[in-house]
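For reference, coords_11.cif is printed below; it contains mmCIF, C-alpha atoms.
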data_input
loop_
_atom_site.group_PDB
_atom_site.id
_atom_site.type_symbol
_atom_site.label_atom_id
_atom_site.label_comp_id
_atom_site.auth_asym_id
_atom_site.auth_seq_id
_atom_site.Cartn_x
_atom_site.Cartn_y
_atom_site.Cartn_z
ATOM 1 C CA MET A 1 23.524 -15.588 18.327
ATOM 2 C CA ALA A 2 21.428 -18.564 17.201
ATOM 3 C CA SER A 3 19.306 -18.301 14.079
ATOM 4 C CA SER A 4 16.501 -20.465 12.819
ATOM 5 C CA LEU A 5 17.111 -19.332 9.231
ATOM 6 C CA THR A 6 19.308 -20.722 6.488
ATOM 7 C CA CYS A 7 21.457 -18.348 4.390
ATOM 8 C CA THR A 8 18.561 -18.191 1.922
ATOM 9 C CA GLY A 9 16.295 -17.480 4.892
ATOM 10 C CA VAL A 10 18.345 -14.443 5.902
ATOM 11 C CA ILE A 11 18.030 -13.094 2.344
ATOM 12 C CA TRP A 12 14.286 -13.823 2.531
ATOM 13 C CA ALA A 13 14.005 -11.897 5.801
ATOM 14 C CA LEU A 14 15.746 -8.860 4.321
ATOM 15 C CA PHE A 15 13.697 -8.918 1.114
ATOM 16 C CA SER A 16 10.507 -9.429 3.143
ATOM 17 C CA PHE A 17 11.272 -6.320 5.171
ATOM 18 C CA LEU A 18 12.079 -4.283 2.054
ATOM 19 C CA CYS A 19 8.887 -5.401 0.274
ATOM 20 C CA ALA A 20 6.721 -4.688 3.327
ATOM 21 C CA ALA A 21 8.337 -1.281 3.885
ATOM 22 C CA THR A 22 7.966 -0.331 0.202
ATOM 23 C CA SER A 23 4.277 -1.286 0.119
ATOM 24 C CA CYS A 24 3.485 0.338 3.477
ATOM 25 C CA VAL A 25 5.205 3.636 2.609
ATOM 26 C CA GLY A 26 3.461 3.727 -0.771
ATOM 27 C CA PHE A 27 0.091 2.950 0.826
ATOM 28 C CA PHE A 28 0.416 5.682 3.459
ATOM 29 C CA MET A 29 1.619 8.437 1.116
ATOM 30 C CA PRO A 30 -1.057 10.535 -0.652
ATOM 31 C CA TYR A 31 0.725 10.507 -4.016
ATOM 32 C CA TRP A 32 -1.140 7.813 -5.943
ATOM 33 C CA LEU A 33 -2.670 10.358 -8.344
ATOM 34 C CA TRP A 34 -1.332 13.781 -9.401
ATOM 35 C CA GLY A 35 -3.303 16.695 -10.856
ATOM 36 C CA SER A 36 -3.959 20.397 -10.379
ATOM 37 C CA GLN A 37 -6.871 22.558 -9.295
ATOM 38 C CA LEU A 38 -7.110 26.341 -9.247
ATOM 39 C CA GLY A 39 -3.491 26.444 -10.424
ATOM 40 C CA LYS A 40 -2.203 24.439 -7.449
ATOM 41 C CA PRO A 41 -0.819 20.870 -7.465
ATOM 42 C CA VAL A 42 -3.205 18.299 -5.958
ATOM 43 C CA SER A 43 -2.534 14.661 -5.111
ATOM 44 C CA PHE A 44 -4.635 11.777 -3.839
ATOM 45 C CA GLY A 45 -3.988 8.510 -2.039
ATOM 46 C CA THR A 46 -6.635 5.993 -1.063
ATOM 47 C CA PHE A 47 -7.483 7.726 2.234
ATOM 48 C CA ARG A 48 -5.375 10.922 2.135
ATOM 49 C CA ARG A 49 -5.214 14.027 -0.016
ATOM 50 C CA CYS A 50 -2.868 16.981 -0.524
ATOM 51 C CA SER A 51 -4.348 20.421 -1.309
ATOM 52 C CA TYR A 52 -8.091 20.958 -1.147
ATOM 53 C CA PRO A 53 -10.464 23.828 -2.004
ATOM 54 C CA VAL A 54 -12.210 25.895 0.679
ATOM 55 C CA HIS A 55 -14.489 28.920 0.357
ATOM 56 C CA ASP A 56 -12.770 32.132 1.539
ATOM 57 C CA GLU A 57 -15.524 34.239 3.152
ATOM 58 C CA SER A 58 -13.493 37.460 3.131
ATOM 59 C CA ARG A 59 -12.707 37.315 -0.600
ATOM 60 C CA GLN A 60 -15.887 35.431 -1.555
ATOM 61 C CA MET A 61 -13.998 32.910 -3.674
ATOM 62 C CA MET A 62 -12.603 29.385 -3.615
ATOM 63 C CA VAL A 63 -8.965 29.085 -2.533
ATOM 64 C CA MET A 64 -6.680 26.057 -2.237
ATOM 65 C CA VAL A 65 -5.321 25.041 1.156
ATOM 66 C CA GLU A 66 -1.909 23.522 0.431
ATOM 67 C CA GLU A 67 -1.509 20.863 3.110
ATOM 68 C CA CYS A 68 -1.838 17.089 3.314
ATOM 69 C CA GLY A 69 -4.156 15.113 5.548
ATOM 70 C CA ARG A 70 -6.495 12.181 5.733
ATOM 71 C CA TYR A 71 -10.215 12.457 5.125
ATOM 72 C CA ALA A 72 -12.190 13.469 8.215
ATOM 73 C CA SER A 73 -14.113 10.176 8.229
ATOM 74 C CA PHE A 74 -14.101 6.852 6.422
ATOM 75 C CA GLN A 75 -17.293 7.903 4.616
ATOM 76 C CA GLY A 76 -15.481 11.086 3.526
ATOM 77 C CA ILE A 77 -13.294 9.061 1.140
ATOM 78 C CA PRO A 78 -14.556 10.131 -2.323
ATOM 79 C CA SER A 79 -15.763 6.749 -3.644
ATOM 80 C CA ALA A 80 -16.846 3.321 -2.437
ATOM 81 C CA GLU A 81 -14.096 1.776 -4.583
ATOM 82 C CA TRP A 82 -11.434 3.798 -2.753
ATOM 83 C CA ARG A 83 -12.912 2.775 0.612
ATOM 84 C CA ILE A 84 -12.682 -0.907 -0.382
ATOM 85 C CA CYS A 85 -9.180 -0.276 -1.767
ATOM 86 C CA THR A 86 -8.121 1.257 1.570
ATOM 87 C CA ILE A 87 -9.322 -1.778 3.546
ATOM 88 C CA VAL A 88 -7.922 -4.400 1.155
ATOM 89 C CA THR A 89 -4.543 -2.702 0.667
ATOM 90 C CA GLY A 90 -4.185 -1.946 4.382
ATOM 91 C CA LEU A 91 -4.897 -5.585 5.235
ATOM 92 C CA GLY A 92 -2.341 -6.775 2.651
ATOM 93 C CA CYS A 93 0.308 -4.375 4.008
ATOM 94 C CA GLY A 94 -0.421 -5.603 7.535
ATOM 95 C CA LEU A 95 0.146 -9.230 6.486
ATOM 96 C CA LEU A 96 3.427 -8.384 4.722
ATOM 97 C CA LEU A 97 4.614 -6.435 7.761
ATOM 98 C CA LEU A 98 3.678 -9.256 10.145
ATOM 99 C CA VAL A 99 5.658 -11.832 8.135
ATOM 100 C CA ALA A 100 8.612 -9.453 7.694
ATOM 101 C CA LEU A 101 8.916 -8.813 11.438
ATOM 102 C CA THR A 102 8.601 -12.539 12.187
ATOM 103 C CA ALA A 103 11.287 -13.290 9.595
ATOM 104 C CA LEU A 104 13.629 -10.711 11.119
ATOM 105 C CA MET A 105 13.056 -12.241 14.564
ATOM 106 C CA GLY A 106 13.980 -15.608 13.030
ATOM 107 C CA CYS A 107 17.464 -14.202 12.386
ATOM 108 C CA CYS A 108 17.995 -13.931 16.152
ATOM 109 C CA VAL A 109 15.814 -16.659 17.681
ATOM 110 C CA SER A 110 16.640 -20.313 17.237
ATOM 111 C CA GLU A 111 13.856 -22.744 16.322
ATOM 112 C CA LEU A 112 11.398 -19.965 15.432
ATOM 113 C CA ILE A 113 11.245 -20.636 11.681
ATOM 114 C CA SER A 114 11.101 -24.264 10.608
ATOM 115 C CA ARG A 115 10.626 -25.301 6.987
ATOM 116 C CA THR A 116 6.891 -25.669 7.556
ATOM 117 C CA VAL A 117 6.605 -22.263 9.224
ATOM 118 C CA GLY A 118 8.614 -20.740 6.367
ATOM 119 C CA ARG A 119 6.220 -22.171 3.788
ATOM 120 C CA VAL A 120 3.187 -20.944 5.732
ATOM 121 C CA ALA A 121 4.816 -17.494 5.961
ATOM 122 C CA GLY A 122 5.369 -17.572 2.205
ATOM 123 C CA GLY A 123 1.695 -18.371 1.700
ATOM 124 C CA ILE A 124 0.724 -15.423 3.911
ATOM 125 C CA GLN A 125 3.026 -13.170 1.867
ATOM 126 C CA PHE A 126 1.407 -14.430 -1.329
ATOM 127 C CA LEU A 127 -2.035 -13.592 0.093
ATOM 128 C CA GLY A 128 -0.834 -10.163 1.266
ATOM 129 C CA GLY A 129 0.590 -9.408 -2.168
ATOM 130 C CA LEU A 130 -2.668 -10.478 -3.838
ATOM 131 C CA LEU A 131 -4.691 -8.210 -1.538
ATOM 132 C CA ILE A 132 -2.463 -5.226 -2.318
ATOM 133 C CA GLY A 133 -2.649 -6.057 -6.038
ATOM 134 C CA ALA A 134 -6.449 -6.172 -5.793
ATOM 135 C CA GLY A 135 -6.401 -2.777 -4.085
ATOM 136 C CA CYS A 136 -4.231 -1.312 -6.846
ATOM 137 C CA ALA A 137 -6.615 -2.776 -9.446
ATOM 138 C CA LEU A 138 -9.656 -1.254 -7.670
ATOM 139 C CA TYR A 139 -8.134 2.229 -7.393
ATOM 140 C CA PRO A 140 -8.849 3.362 -11.015
ATOM 141 C CA LEU A 141 -12.552 2.562 -10.512
ATOM 142 C CA GLY A 142 -12.759 5.629 -8.257
ATOM 143 C CA TRP A 143 -11.484 8.069 -10.866
ATOM 144 C CA ASP A 144 -15.056 9.031 -11.788
ATOM 145 C CA SER A 145 -15.723 10.581 -8.339
ATOM 146 C CA GLU A 146 -16.551 14.287 -8.171
ATOM 147 C CA GLU A 147 -13.336 15.212 -6.312
ATOM 148 C CA VAL A 148 -11.140 13.527 -8.907
ATOM 149 C CA ARG A 149 -13.106 15.047 -11.789
ATOM 150 C CA GLN A 150 -12.663 18.533 -10.292
ATOM 151 C CA THR A 151 -8.883 17.959 -10.314
ATOM 152 C CA CYS A 152 -8.440 15.868 -13.469
ATOM 153 C CA GLY A 153 -11.024 17.609 -15.604
ATOM 154 C CA TYR A 154 -14.550 16.460 -16.333
ATOM 155 C CA ILE A 155 -13.256 14.185 -19.103
ATOM 156 C CA SER A 156 -11.886 11.784 -16.470
ATOM 157 C CA GLY A 157 -13.699 8.576 -15.570
ATOM 158 C CA GLN A 158 -13.053 4.995 -14.548
ATOM 159 C CA PHE A 159 -9.645 3.955 -15.976
ATOM 160 C CA ASP A 160 -9.441 7.387 -17.692
ATOM 161 C CA LEU A 161 -7.074 9.836 -15.982
ATOM 162 C CA GLY A 162 -8.082 12.924 -17.923
ATOM 163 C CA LYS A 163 -5.455 15.588 -17.162
ATOM 164 C CA CYS A 164 -3.993 13.722 -14.180
ATOM 165 C CA GLU A 165 -1.178 11.189 -13.975
ATOM 166 C CA ILE A 166 -0.353 8.261 -11.725
ATOM 167 C CA GLY A 167 2.025 9.112 -8.876
ATOM 168 C CA TRP A 168 5.084 7.316 -7.549
ATOM 169 C CA ALA A 169 3.319 5.954 -4.427
ATOM 170 C CA TYR A 170 0.967 3.840 -6.570
ATOM 171 C CA TYR A 171 3.930 2.226 -8.336
ATOM 172 C CA CYS A 172 5.774 1.832 -5.029
ATOM 173 C CA THR A 173 2.858 -0.028 -3.420
ATOM 174 C CA GLY A 174 2.378 -2.299 -6.428
ATOM 175 C CA ALA A 175 6.103 -3.029 -6.791
ATOM 176 C CA GLY A 176 6.381 -4.100 -3.152
ATOM 177 C CA ALA A 177 3.412 -6.443 -3.589
ATOM 178 C CA ALA A 178 4.749 -7.906 -6.847
ATOM 179 C CA ALA A 179 8.164 -8.567 -5.283
ATOM 180 C CA ALA A 180 6.486 -10.229 -2.289
ATOM 181 C CA ILE A 181 4.472 -12.533 -4.573
ATOM 182 C CA LEU A 182 7.240 -13.396 -7.016
ATOM 183 C CA LEU A 183 10.386 -13.355 -4.889
ATOM 184 C CA CYS A 184 9.588 -13.630 -1.182
ATOM 185 C CA THR A 185 7.070 -16.439 -1.589
ATOM 186 C CA TRP A 186 9.680 -18.521 -3.432
ATOM 187 C CA LEU A 187 12.524 -17.721 -0.997
ATOM 188 C CA ALA A 188 10.290 -18.574 1.971
ATOM 189 C CA CYS A 189 10.182 -22.229 0.871
ATOM 190 C CA PHE A 190 13.943 -22.525 1.575
ATOM 191 C CA SER A 191 14.121 -20.206 4.591
ATOM 192 C CA GLY A 192 13.777 -22.488 7.597
ATOM 193 C CA LYS A 193 16.266 -24.994 8.906
ATOM 194 C CA LYS A 194 15.115 -28.582 9.194
ATOM 195 C CA GLN A 195 12.546 -29.339 11.846
ATOM 196 C CA LYS A 196 14.241 -30.570 15.017
ATOM 197 C CA GLN A 197 13.624 -34.254 15.600
ATOM 198 C CA TYR A 198 11.861 -34.909 18.886
ATOM 199 C CA PRO A 199 12.026 -38.349 20.524
ATOM 200 C CA TYR A 200 8.249 -38.644 21.025
#
Can you dump the structure from the file as structure tokens?
Amino acid sequence: MASSLTCTGVIWALFSFLCAATSCVGFFMPYWLWGSQLGKPVSFGTFRRCSYPVHDESRQMMVMVEECGRYASFQGIPSAEWRICTIVTGLGCGLLLLVALTALMGCCVSELISRTVGRVAGGIQFLGGLLIGAGCALYPLGWDSEEVRQTCGYISGQFDLGKCEIGWAYYCTGAGAAAAILLCTWLACFSGKKQKQYPY
């Protein structure tokens, strides 16, 4: 099977896939922020949440529904910062995934990845990693929203977690982006075989 990648390029393709998968899984999971409300564990992502309070008509009290789901609408996301974070991080994950799938195809298709294409792909990965990093940086700005304050205590605010703690999905998303910026971008420069010389 012909490949358009060098040995370094094959390593780049594998790392690109791992970085994209790590960031995408972290982005989708609602475990960016952990806390508790009404004695039940609660977690938030950028556009998803686990456990939420509802009013029980029969008992005339608030009870926690222990299930995970996304917000009913984009405007339902608790803060404008989290809405921006969702868009920016989702776009960055999409770019990383696009490059990763192209790189994996380069393992099987000859003349798909030249040196120039590899460098452009590295630039796209750098941009994707920056977008995800920007999303991770924006996320703490939404910690002063009412939903977060109900879970983390009313002492929480921007960049102040109160009684909550950062979850594994936040670190997972950021780690995938950092690896894409630092490692994949560099490997991409050496990924493609030399451009084929055409007679014209």
Would you mind telling me which residue in A:Ile155, A:Cys19, A:Ile166, A:Ile11 lies nearest to A:Ala179 when using all atoms listed in the file?
->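 Checking each candidate against A:Ala179, we get A:Cys19 as the closest.
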Result set, the PyMOL selection byres ((chain A and resi 24) around 12) on current file, as a ChimeraX atom specification | /A:17-23,25-30,86,89-98,100,128-129,132,169-177
Show me as a PyMOL selection string the residues that reach within 7 Å of (9.9, -26.0, 5.9), counting all atoms listed in the file and using the file's own coordinates.
-> chain A and resi 114-119+189-190+192+194
Name the closest residue to A:Leu101 among the candidates A:Ala13, A:Leu33, A:Leu131, A:Met61; distances are taken between atoms, counting all atoms listed in the file.
-> A:Ala13
May I ask for the distance between atom CA of A:Cys108 and atom CA of A:Ser4, given in Å to one decimal place?
->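 Answer for the atom CA of A:Cys108 to atom CA of A:Ser4 separation: 7.5 Å.
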